[in-house]
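So this one's my_file_9.txt, compact mmCIF, C-alpha atoms:
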# COMPACT_ATOMS: atom_id res chain seq x y z
CA MET A 29 -4.74 1.58 26.85
CA TRP A 30 -3.37 1.60 23.31
CA ARG A 31 -1.07 4.53 22.55
CA LEU A 32 -1.23 5.87 18.99
CA PHE A 33 1.78 7.78 17.63
CA GLN A 34 0.31 10.25 15.13
CA TYR A 35 0.01 13.88 14.01
CA PRO A 36 -3.22 15.72 13.15
CA LEU A 37 -2.80 15.78 9.34
CA CYS A 38 -1.47 12.22 8.90
CA PRO A 39 -4.19 10.57 6.76
CA PHE A 40 -3.21 7.05 7.85
CA SER A 41 -3.41 8.04 11.52
CA ARG A 42 -6.87 9.48 10.83
CA LYS A 43 -7.90 6.17 9.28
CA VAL A 44 -6.78 4.26 12.40
CA ARG A 45 -8.42 6.79 14.76
CA PHE A 46 -11.73 6.70 12.90
CA ALA A 47 -11.72 2.87 12.79
CA CYS A 48 -10.85 2.60 16.49
CA ALA A 49 -13.60 5.08 17.39
CA VAL A 50 -16.16 3.02 15.42
CA LYS A 51 -14.97 -0.16 17.13
CA ALA A 52 -14.96 1.60 20.54
CA VAL A 53 -11.26 0.87 21.12
CA PRO A 54 -9.96 3.59 23.48
CA VAL A 55 -6.77 5.22 22.23
CA GLU A 56 -4.35 7.63 23.88
CA LEU A 57 -2.86 10.01 21.32
CA VAL A 58 0.89 10.72 21.25
CA LEU A 59 2.00 13.56 18.96
CA GLU A 60 4.76 12.32 16.63
CA LYS A 61 6.19 14.37 13.76
CA PRO A 62 7.93 11.69 11.70
CA TRP A 63 9.99 14.22 9.72
CA GLU A 64 11.83 15.07 12.95
CA ARG A 65 13.26 11.51 12.91
CA ARG A 66 13.25 10.99 16.66
CA ASP A 67 15.58 8.13 17.63
CA GLU A 68 13.04 6.52 19.97
CA PHE A 69 10.45 6.53 17.19
CA ALA A 70 12.87 5.03 14.65
CA ALA A 71 13.54 2.25 17.17
CA LEU A 72 9.79 1.64 17.41
CA ASN A 73 9.18 1.70 13.65
CA PRO A 74 12.21 1.26 11.38
CA ALA A 75 10.09 2.59 8.48
CA GLY A 76 9.91 5.90 10.40
CA GLN A 77 6.24 6.51 9.60
CA THR A 78 3.08 7.21 11.55
CA PRO A 79 0.77 5.60 12.64
CA VAL A 80 2.19 3.21 15.22
CA MET A 81 0.02 1.61 17.91
CA GLN A 82 1.59 0.31 21.08
CA LYS A 83 0.38 -1.44 24.20
CA GLY A 84 2.77 -3.31 26.52
CA GLU A 85 4.86 -5.67 24.41
CA ILE A 86 2.69 -5.29 21.30
CA THR A 87 3.66 -2.80 18.59
CA LEU A 88 1.44 -2.51 15.51
CA ILE A 89 2.79 -0.75 12.41
CA ASP A 90 1.16 0.26 9.10
CA SER A 91 -2.45 1.46 8.99
CA ALA A 92 -3.70 -1.57 7.04
CA ALA A 93 -2.04 -4.01 9.47
CA ILE A 94 -3.47 -2.04 12.42
CA CYS A 95 -7.02 -1.97 11.01
CA ASP A 96 -6.85 -5.69 10.17
CA TYR A 97 -5.65 -6.41 13.72
CA PHE A 98 -8.68 -4.71 15.26
CA GLU A 99 -10.98 -6.27 12.66
CA GLU A 100 -9.74 -9.68 13.84
CA THR A 101 -9.69 -8.98 17.58
CA VAL A 102 -12.78 -6.77 18.09
CA ASP A 103 -16.05 -8.34 16.94
CA ARG A 104 -18.06 -5.16 17.42
CA VAL A 105 -19.08 -3.51 14.10
CA PRO A 106 -17.43 -5.62 11.37
CA LEU A 107 -15.92 -3.21 8.83
CA LEU A 108 -14.82 -5.43 5.94
CA GLY A 109 -18.06 -6.99 4.70
CA SER A 110 -19.44 -10.46 5.11
CA GLY A 111 -17.99 -12.68 2.37
CA PRO A 112 -14.58 -13.03 0.67
CA GLU A 113 -15.73 -11.17 -2.46
CA ASP A 114 -17.12 -8.28 -0.37
CA ARG A 115 -13.88 -8.12 1.57
CA ALA A 116 -11.82 -8.15 -1.66
CA GLU A 117 -13.87 -5.21 -2.97
CA ALA A 118 -13.41 -3.32 0.31
CA ARG A 119 -9.65 -4.01 0.23
CA ARG A 120 -9.43 -2.87 -3.40
CA LEU A 121 -10.93 0.49 -2.45
CA ILE A 122 -8.84 0.80 0.72
CA ALA A 123 -5.72 0.32 -1.45
CA TRP A 124 -7.14 2.85 -3.92
CA PHE A 125 -7.34 5.56 -1.25
CA ASP A 126 -4.27 4.54 0.79
CA GLN A 127 -2.03 4.39 -2.24
CA LYS A 128 -3.49 6.03 -5.36
CA PHE A 129 -5.37 8.94 -3.77
CA TYR A 130 -2.51 9.46 -1.31
CA ALA A 131 0.18 9.55 -4.03
CA GLU A 132 -1.86 11.70 -6.42
CA VAL A 133 -3.56 14.11 -4.00
CA THR A 134 -2.75 13.95 -0.28
CA ALA A 135 1.04 13.54 -0.44
CA PRO A 136 1.67 16.47 -2.82
CA LEU A 137 -0.73 18.71 -0.83
CA LEU A 138 0.99 17.79 2.45
CA SER A 139 4.36 18.50 0.89
CA GLU A 140 3.39 21.81 -0.74
CA ARG A 141 0.92 23.25 1.77
CA MET A 142 1.96 21.79 5.14
CA TYR A 143 5.62 20.83 5.04
CA LYS A 144 6.91 23.77 2.99
CA ARG A 145 4.86 26.31 4.94
CA LEU A 146 5.56 25.07 8.45
CA TYR A 147 9.03 23.55 8.18
CA SER A 148 11.11 24.36 5.13
CA LYS A 149 9.65 27.91 4.88
CA GLN A 150 9.38 27.76 1.10
CA ALA A 151 6.52 28.90 -1.12
CA PRO A 152 4.36 26.05 -2.44
CA ASP A 153 4.84 25.02 -6.07
CA ALA A 154 1.62 26.29 -7.71
CA GLY A 155 1.86 23.74 -10.53
CA ALA A 156 2.09 20.80 -8.11
CA VAL A 157 -0.93 22.11 -6.14
CA ARG A 158 -2.95 22.52 -9.37
CA THR A 159 -2.10 18.97 -10.46
CA ALA A 160 -3.10 17.57 -7.07
CA SER A 161 -6.42 19.47 -7.17
CA ARG A 162 -7.10 18.22 -10.71
CA ASN A 163 -6.35 14.66 -9.55
CA ALA A 164 -8.74 15.14 -6.62
CA GLU A 165 -11.43 16.10 -9.12
CA GLY A 166 -10.96 12.76 -10.91
CA HIS A 167 -11.21 10.88 -7.62
CA LEU A 168 -14.44 12.72 -6.70
CA ASP A 169 -15.84 11.70 -10.10
CA TYR A 170 -15.06 8.09 -9.22
CA LEU A 171 -16.72 8.50 -5.79
CA ASP A 172 -19.82 9.89 -7.52
CA PHE A 173 -19.80 6.91 -9.91
CA LEU A 174 -19.61 4.41 -7.03
CA LEU A 175 -22.18 6.22 -4.89
CA ASP A 176 -24.68 6.35 -7.76
CA ARG A 177 -24.66 2.53 -7.52
CA ARG A 178 -24.10 1.81 -3.83
CA ARG A 179 -25.18 3.12 -0.44
CA TRP A 180 -21.57 3.16 0.82
CA LEU A 181 -18.30 2.97 -1.10
CA SER A 182 -17.78 -0.78 -1.09
CA GLY A 183 -21.42 -1.90 -0.87
CA PRO A 184 -24.56 -1.68 1.26
CA ALA A 185 -22.74 -1.31 4.60
CA PHE A 186 -20.47 1.40 6.00
CA GLY A 187 -16.93 0.08 6.40
CA LEU A 188 -13.17 0.48 6.11
CA ALA A 189 -13.33 1.69 2.49
CA ASP A 190 -15.42 4.68 3.68
CA ILE A 191 -13.03 5.22 6.58
CA ALA A 192 -9.92 5.09 4.35
CA ALA A 193 -11.53 7.49 1.85
CA ALA A 194 -12.72 9.92 4.55
CA ALA A 195 -9.24 9.95 6.10
CA GLN A 196 -7.54 10.97 2.84
CA ILE A 197 -10.28 13.35 1.70
CA SER A 198 -10.48 15.15 5.05
CA VAL A 199 -6.75 15.92 4.95
CA ALA A 200 -6.96 17.10 1.33
CA ASP A 201 -10.01 19.21 2.28
CA TYR A 202 -8.13 20.73 5.25
CA LEU A 203 -5.38 21.73 2.80
CA GLY A 204 -7.84 23.37 0.39
CA GLY A 205 -7.48 20.70 -2.31
CA ILE A 206 -11.15 19.66 -2.61
CA ASP A 207 -13.77 21.50 -4.65
CA TRP A 208 -17.13 19.92 -3.80
CA ASP A 209 -19.07 21.76 -6.53
CA GLY A 210 -20.73 19.38 -8.97
CA HIS A 211 -20.16 16.29 -6.81
CA GLU A 212 -23.52 15.81 -5.10
CA PRO A 213 -23.27 12.05 -4.42
CA ALA A 214 -19.81 12.48 -2.86
CA ARG A 215 -20.95 15.55 -0.92
CA ILE A 216 -23.99 13.76 0.54
CA TRP A 217 -21.80 10.77 1.50
CA TYR A 218 -19.18 13.03 3.15
CA SER A 219 -21.83 15.07 4.94
CA ALA A 220 -23.22 11.84 6.48
CA LEU A 221 -19.70 10.97 7.69
CA LYS A 222 -19.11 14.45 9.06
CA SER A 223 -22.13 14.16 11.31
CA ARG A 224 -20.88 10.92 12.94
CA PRO A 225 -19.68 11.30 16.55
CA THR A 226 -16.85 8.87 15.69
CA PHE A 227 -15.49 11.22 13.00
CA ARG A 228 -16.32 14.71 14.30
CA PRO A 229 -13.46 14.89 16.86
CA LEU A 230 -10.95 14.51 14.02
CA LEU A 231 -12.43 17.52 12.25
CA ALA A 232 -12.16 19.66 15.38
CA GLU A 233 -8.37 19.33 15.49
CA ARG A 234 -6.01 21.88 14.07
CA MET A 235 -2.42 21.74 12.87
CA GLU A 236 -0.70 24.64 14.63
CA GLY A 237 0.00 27.57 12.29
CA LEU A 238 -2.10 26.12 9.49
CA PRO A 239 -5.85 26.91 9.61
CA PRO A 240 -8.26 24.98 7.33
CA PRO A 241 -10.73 26.66 4.94
CA SER A 242 -13.94 27.86 6.62
CA HIS A 243 -16.15 25.10 5.14
CA TYR A 244 -13.84 22.36 6.46
CA ASP A 245 -15.73 21.23 9.57
CA LYS A 246 -19.21 22.52 8.60
CA LEU A 247 -21.99 20.01 8.00
CA ASP A 248 -23.37 22.28 5.31
CA PHE A 249 -20.52 22.86 2.87
CA MET B 16 -9.67 -21.39 -14.00
CA TRP B 17 -8.56 -17.99 -12.68
CA ARG B 18 -7.05 -15.68 -15.31
CA LEU B 19 -4.25 -13.40 -14.10
CA PHE B 20 -3.56 -10.21 -16.05
CA GLN B 21 0.19 -9.58 -15.56
CA TYR B 22 3.56 -8.97 -17.18
CA PRO B 23 6.83 -10.76 -16.35
CA LEU B 24 8.52 -7.92 -14.44
CA CYS B 25 5.47 -6.73 -12.46
CA PRO B 26 6.52 -7.37 -8.84
CA PHE B 27 2.92 -7.45 -7.60
CA SER B 28 1.96 -10.02 -10.24
CA ARG B 29 4.96 -12.10 -9.13
CA LYS B 30 3.71 -11.92 -5.55
CA VAL B 31 0.27 -13.21 -6.59
CA ARG B 32 1.75 -15.93 -8.83
CA PHE B 33 4.10 -17.17 -6.11
CA ALA B 34 1.30 -17.18 -3.50
CA CYS B 35 -1.11 -19.01 -5.84
CA ALA B 36 1.58 -21.61 -6.67
CA VAL B 37 2.16 -22.24 -2.95
CA LYS B 38 -1.59 -22.59 -2.39
CA ALA B 39 -1.93 -24.80 -5.50
CA VAL B 40 -4.44 -22.44 -7.12
CA PRO B 41 -4.15 -22.95 -10.91
CA VAL B 42 -3.79 -19.70 -12.83
CA GLU B 43 -3.89 -18.94 -16.53
CA LEU B 44 -1.55 -16.06 -17.39
CA VAL B 45 -2.70 -13.21 -19.64
CA LEU B 46 0.02 -10.79 -20.75
CA GLU B 47 -1.02 -7.21 -19.94
CA LYS B 48 1.25 -4.20 -20.36
CA PRO B 49 -0.57 -1.58 -18.26
CA TRP B 50 1.35 1.34 -19.80
CA GLU B 51 -0.43 0.58 -23.12
CA ARG B 52 -3.72 1.59 -21.40
CA ARG B 53 -5.91 -0.94 -23.19
CA ASP B 54 -9.58 0.09 -22.97
CA GLU B 55 -10.76 -3.40 -21.98
CA PHE B 56 -8.22 -3.48 -19.16
CA ALA B 57 -9.23 -0.01 -17.91
CA ALA B 58 -12.83 -1.28 -17.81
CA LEU B 59 -11.69 -4.25 -15.72
CA ASN B 60 -9.53 -2.19 -13.34
CA PRO B 61 -10.14 1.58 -13.23
CA ALA B 62 -6.78 1.96 -11.44
CA GLY B 63 -5.16 0.61 -14.63
CA GLN B 64 -2.63 -1.56 -12.80
CA THR B 65 -1.62 -5.21 -12.84
CA PRO B 66 -2.30 -7.69 -11.29
CA VAL B 67 -5.97 -8.41 -11.84
CA MET B 68 -7.49 -11.87 -11.25
CA GLN B 69 -10.70 -12.84 -12.96
CA LYS B 70 -12.99 -15.85 -12.97
CA GLY B 71 -16.58 -15.64 -14.21
CA GLU B 72 -18.27 -12.74 -12.44
CA ILE B 73 -15.50 -12.29 -9.88
CA THR B 74 -12.78 -9.70 -10.47
CA LEU B 75 -10.05 -9.30 -7.84
CA ILE B 76 -7.86 -6.19 -7.90
CA ASP B 77 -4.76 -5.19 -5.91
CA SER B 78 -2.15 -7.77 -4.89
CA ALA B 79 -2.90 -7.48 -1.16
CA ALA B 80 -6.65 -7.93 -1.72
CA ILE B 81 -5.96 -10.89 -4.03
CA CYS B 82 -3.61 -12.61 -1.55
CA ASP B 83 -6.07 -12.02 1.32
CA TYR B 84 -8.86 -13.51 -0.80
CA PHE B 85 -6.95 -16.75 -1.34
CA GLU B 86 -5.81 -16.77 2.29
CA GLU B 87 -9.50 -16.71 3.28
CA THR B 88 -10.82 -19.14 0.68
CA VAL B 89 -8.00 -21.75 0.41
CA ASP B 90 -7.12 -23.46 3.69
CA ARG B 91 -4.05 -25.22 2.28
CA VAL B 92 -0.75 -23.71 3.57
CA PRO B 93 -1.76 -20.71 5.71
CA LEU B 94 0.56 -17.84 4.82
CA LEU B 95 -0.18 -15.16 7.42
CA GLY B 96 0.75 -16.78 10.74
CA SER B 97 -1.41 -18.17 13.48
CA GLY B 98 -2.43 -15.31 15.82
CA PRO B 99 -3.41 -11.66 15.35
CA GLU B 100 0.03 -10.38 16.44
CA ASP B 101 1.79 -12.74 14.01
CA ARG B 102 -0.50 -11.59 11.24
CA ALA B 103 0.10 -7.92 12.10
CA GLU B 104 3.86 -8.50 11.88
CA ALA B 105 3.48 -10.30 8.53
CA ARG B 106 1.29 -7.46 7.22
CA ARG B 107 3.80 -4.83 8.42
CA LEU B 108 6.53 -6.51 6.37
CA ILE B 109 4.28 -7.06 3.35
CA ALA B 110 3.54 -3.31 3.39
CA TRP B 111 7.30 -2.66 3.79
CA PHE B 112 8.11 -4.52 0.57
CA ASP B 113 4.95 -3.61 -1.40
CA GLN B 114 5.28 0.09 -0.66
CA LYS B 115 8.68 1.10 0.72
CA PHE B 116 10.94 -1.29 -1.20
CA TYR B 117 8.84 -0.77 -4.32
CA ALA B 118 9.00 3.04 -4.13
CA GLU B 119 12.70 3.18 -3.21
CA VAL B 120 14.09 0.35 -5.37
CA THR B 121 11.80 -1.53 -7.78
CA ALA B 122 9.84 1.40 -9.24
CA PRO B 123 12.90 3.53 -10.15
CA LEU B 124 14.70 0.47 -11.60
CA LEU B 125 11.63 -0.45 -13.69
CA SER B 126 11.38 3.12 -14.90
CA GLU B 127 15.08 3.55 -15.73
CA ARG B 128 16.06 0.08 -16.91
CA MET B 129 12.88 -1.41 -18.35
CA TYR B 130 10.53 1.35 -19.43
CA LYS B 131 13.13 3.76 -20.84
CA ARG B 132 15.02 0.99 -22.65
CA LEU B 133 12.07 -0.86 -24.15
CA TYR B 134 9.50 1.86 -24.68
CA SER B 135 10.62 5.46 -24.49
CA LYS B 136 14.06 4.64 -25.97
CA GLN B 137 15.90 6.95 -23.61
CA ALA B 138 19.14 6.32 -21.72
CA PRO B 139 18.63 5.53 -18.04
CA ASP B 140 19.41 8.26 -15.51
CA ALA B 141 22.61 6.97 -13.87
CA GLY B 142 21.95 8.95 -10.68
CA ALA B 143 18.49 7.45 -10.21
CA VAL B 144 19.89 3.93 -10.74
CA ARG B 145 22.68 4.57 -8.21
CA THR B 146 20.18 5.85 -5.63
CA ALA B 147 17.94 2.80 -6.15
CA SER B 148 20.92 0.45 -5.74
CA ARG B 149 22.01 2.25 -2.58
CA ASN B 150 18.46 1.97 -1.23
CA ALA B 151 18.49 -1.76 -2.06
CA GLU B 152 21.66 -2.09 0.02
CA GLY B 153 19.81 -0.62 3.03
CA HIS B 154 16.92 -3.03 2.53
CA LEU B 155 19.31 -6.02 2.34
CA ASP B 156 20.85 -4.84 5.63
CA TYR B 157 17.38 -4.92 7.16
CA LEU B 158 16.76 -8.43 5.74
CA ASP B 159 20.06 -9.57 7.31
CA PHE B 160 18.99 -8.03 10.62
CA LEU B 161 15.63 -9.87 10.57
CA LEU B 162 17.11 -13.18 9.39
CA ASP B 163 19.74 -13.13 12.13
CA ARG B 164 16.79 -13.36 14.53
CA ARG B 165 14.19 -15.40 12.64
CA ARG B 166 14.02 -18.43 10.36
CA TRP B 167 11.79 -16.58 7.88
CA LEU B 168 11.08 -12.87 7.51
CA SER B 169 8.05 -12.58 9.76
CA GLY B 170 8.76 -15.48 12.13
CA PRO B 171 9.33 -19.23 12.30
CA ALA B 172 7.15 -20.09 9.28
CA PHE B 173 7.46 -19.24 5.58
CA GLY B 174 4.67 -16.90 4.52
CA LEU B 175 3.39 -13.89 2.60
CA ALA B 176 6.13 -11.58 3.92
CA ASP B 177 8.73 -13.84 2.27
CA ILE B 178 6.65 -13.97 -0.89
CA ALA B 179 6.22 -10.17 -1.04
CA ALA B 180 9.95 -9.67 -0.44
CA ALA B 181 11.00 -12.29 -3.01
CA ALA B 182 8.68 -10.72 -5.59
CA GLN B 183 10.24 -7.25 -5.26
CA ILE B 184 13.83 -8.48 -4.86
CA SER B 185 13.63 -10.81 -7.86
CA VAL B 186 12.55 -7.94 -10.12
CA ALA B 187 15.29 -5.66 -8.74
CA ASP B 188 17.80 -8.52 -9.22
CA TYR B 189 16.63 -9.05 -12.82
CA LEU B 190 17.31 -5.35 -13.43
CA GLY B 191 20.83 -5.54 -11.96
CA GLY B 192 19.97 -3.56 -8.83
CA ILE B 193 21.01 -6.10 -6.19
CA ASP B 194 24.56 -6.67 -4.98
CA TRP B 195 24.51 -9.78 -2.77
CA ASP B 196 28.11 -9.36 -1.52
CA GLY B 197 28.26 -9.05 2.25
CA HIS B 198 24.64 -10.13 2.79
CA GLU B 199 25.00 -13.79 3.77
CA PRO B 200 21.75 -14.14 5.76
CA ALA B 201 19.73 -12.57 2.92
CA ARG B 202 21.61 -14.65 0.32
CA ILE B 203 20.94 -17.94 2.16
CA TRP B 204 17.26 -17.02 2.54
CA TYR B 205 16.93 -16.09 -1.16
CA SER B 206 18.80 -19.23 -2.25
CA ALA B 207 16.29 -21.35 -0.31
CA LEU B 208 13.44 -19.56 -2.11
CA LYS B 209 15.10 -19.94 -5.52
CA SER B 210 15.17 -23.70 -5.12
CA ARG B 211 11.40 -23.92 -4.51
CA PRO B 212 9.39 -25.43 -7.39
CA THR B 213 6.71 -22.81 -6.65
CA PHE B 214 9.14 -19.94 -7.33
CA ARG B 215 11.49 -21.34 -10.02
CA PRO B 216 9.08 -20.90 -12.96
CA LEU B 217 9.02 -17.15 -12.32
CA LEU B 218 12.80 -17.00 -12.59
CA ALA B 219 12.77 -18.83 -15.93
CA GLU B 220 10.74 -16.09 -17.60
CA ARG B 221 12.24 -13.30 -19.62
CA MET B 222 11.10 -9.83 -20.59
CA GLU B 223 11.60 -9.65 -24.34
CA GLY B 224 14.61 -7.51 -25.32
CA LEU B 225 15.86 -7.23 -21.75
CA PRO B 226 18.08 -10.10 -20.52
CA PRO B 227 18.85 -10.43 -16.78
CA PRO B 228 22.39 -10.65 -15.34
CA SER B 229 23.95 -14.13 -15.53
CA HIS B 230 23.61 -14.85 -11.79
CA TYR B 231 19.87 -14.09 -11.83
CA ASP B 232 18.39 -17.60 -11.94
CA LYS B 233 21.40 -19.53 -10.56
CA LEU B 234 21.08 -21.25 -7.20
CA ASP B 235 24.72 -20.44 -6.52
CA PHE B 236 25.00 -16.65 -6.91
Output the structure of this file as structure tokens.
Amino acid sequence: MWRLFQYPLCPFSRKVRFACAVKAVPVELVLEKPWERRDEFAALNPAGQTPVMQKGEITLIDSAAICDYFEETVDRVPLLGSGPEDRAEARRLIAWFDQKFYAEVTAPLLSERMYKRLYSKQAPDAGAVRTASRNAEGHLDYLDFLLDRRRWLSGPAFGLADIAAAAQISVADYLGGIDWDGHEPARIWYSALKSRPTFRPLLAERMEGLPPPSHYDKLDF
Amino acid sequence: MWRLFQYPLCPFSRKVRFACAVKAVPVELVLEKPWERRDEFAALNPAGQTPVMQKGEITLIDSAAICDYFEETVDRVPLLGSGPEDRAEARRLIAWFDQKFYAEVTAPLLSERMYKRLYSKQAPDAGAVRTASRNAEGHLDYLDFLLDRRRWLSGPAFGLADIAAAAQISVADYLGGIDWDGHEPARIWYSALKSRPTFRPLLAERMEGLPPPSHYDKLDF
């Protein structure tokens, strides 16, 4: 079985877990806190980041490389669309959430509300949290815009763009950075994801010492 | 013909230009300075970043999505390796240079030595430049390590990992952030790339008001 090195609030690990669940690839979870810089983990991934997937001699690193690997090797439920233009649009949105949403929303929230609270024992910087929440608002506006025009984020079919977005948004939501008020299209889309048996297990997990807001895993939020 | 919205020191535009040259895809260059936030460009790419490729109704956004598009649609010179594991290794290294090298080396050098000099008319922060150069040193060590074991970065064949690396390194080198001393494997690899007719035109370009160091486009450096 594939072993996935991850921790519960790593958005890129969530992306890989959600994608593997949809593709019915069984995964054994290994808890890895990359900030502890374990020597064995650095030897596995010189970039020092989760997620890493390993089975026998094969080591897969980087969430996009991992998802592409399973897209190529597991025919069940294609997640990137059917033609090159569809795939380019899906990849554009995956990059949007992996890089832009992460840098503007998830990374500052993880730093202020997870890392400082659990590890460096500092108070969060209120200004940084406010900026991240304001950025999240802009991203939800863009989700609404897309979902007014499309059934799913990158087109008519559910796929990796939805998975990448749900991974980032669910971590930001866990950390109290998402205000769903006034974002009906995004809320309906996220509610549909929350009810999927492939996504629900992720929402049931907790980061020790850091409880999510009460609406976090509710279908009605 | 495809139109590529780019500027000379955008490392992701360089990656797309180099890949298109190798695949013999003709490209018309359109100068776009994303920091000027042109309305028409924001309408084309809501993320507001170069590169963007456009032809007729098709708009391609994000350098990874663009390179994957041409990998799928142009058979000539496959650039991602032949099996799923090879492709995963290539994609791991592409992400390494697109994200890690960019964040640790190229982005701070662009900010300190291009943006501040040409646009905000401030002096560069010497500490930030020193940190970026020290980070570059670590990345060159990793290149040496890989090239002691492989002909090209991701394996026996030249491909997108080499292109992504050359794109970032050439911008850092233009901005004086690369010290090649003591990095023979990386130097030999980069010298081989510099002599390629598909890469040389990039090295002949200049950013107005910002000359590169004298070794920048020399084959013997």
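Reported to one decimal place, the separation of atom CA of Ala201 of chain B from atom CA of Asp156 of chain B is 8.3 Å.
Near chain A, within 9 Å and using all atoms listed in the file, the residues of chain B are Ala62, Ile73, Thr74, Leu75, Ile76, Asp77, Ser78, Ala79, Ala80, Ile81, Asp83, Tyr84, Phe85, Glu87, Thr88, Pro99, Glu100, Arg102, Ala103, Glu104, Ala105, Arg106, Arg107, Ala110, Trp111, Gln114 and Lys115 of chain B.
Contact shell of segment 199-204 of chain A at 6 Å (all atoms listed in the file; same-chain neighbours under 4 positions omitted): Leu37, Thr134 and Pro240 of chain A.
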Students should find that atom CA of Pro79 of chain A and atom CA of Ser41 of chain A are spaced 5.0 Å
Pairwise distance for atom CA of Ser185 of chain B and atom CA of Phe173 of chain B, rounded to one decimal in Å
17.0 Å
Near Leu217 of chain B, counting only C-alpha atoms, which residues have an atom at most 8 Å away, once you skip same-chain residues fewer than 5 positions from it, shown as a PyMOL selection string?
chain B and resi 23+29+33
Could you name the residues that touch Ser139 of chain A at 12 Å or less, counting all atoms listed in the file, but leaving out those on the same chain fewer than 6 positions away, as a ChimeraX atom specification?
/A:37-38,63,130-133,145-154,156-157,160,200,203
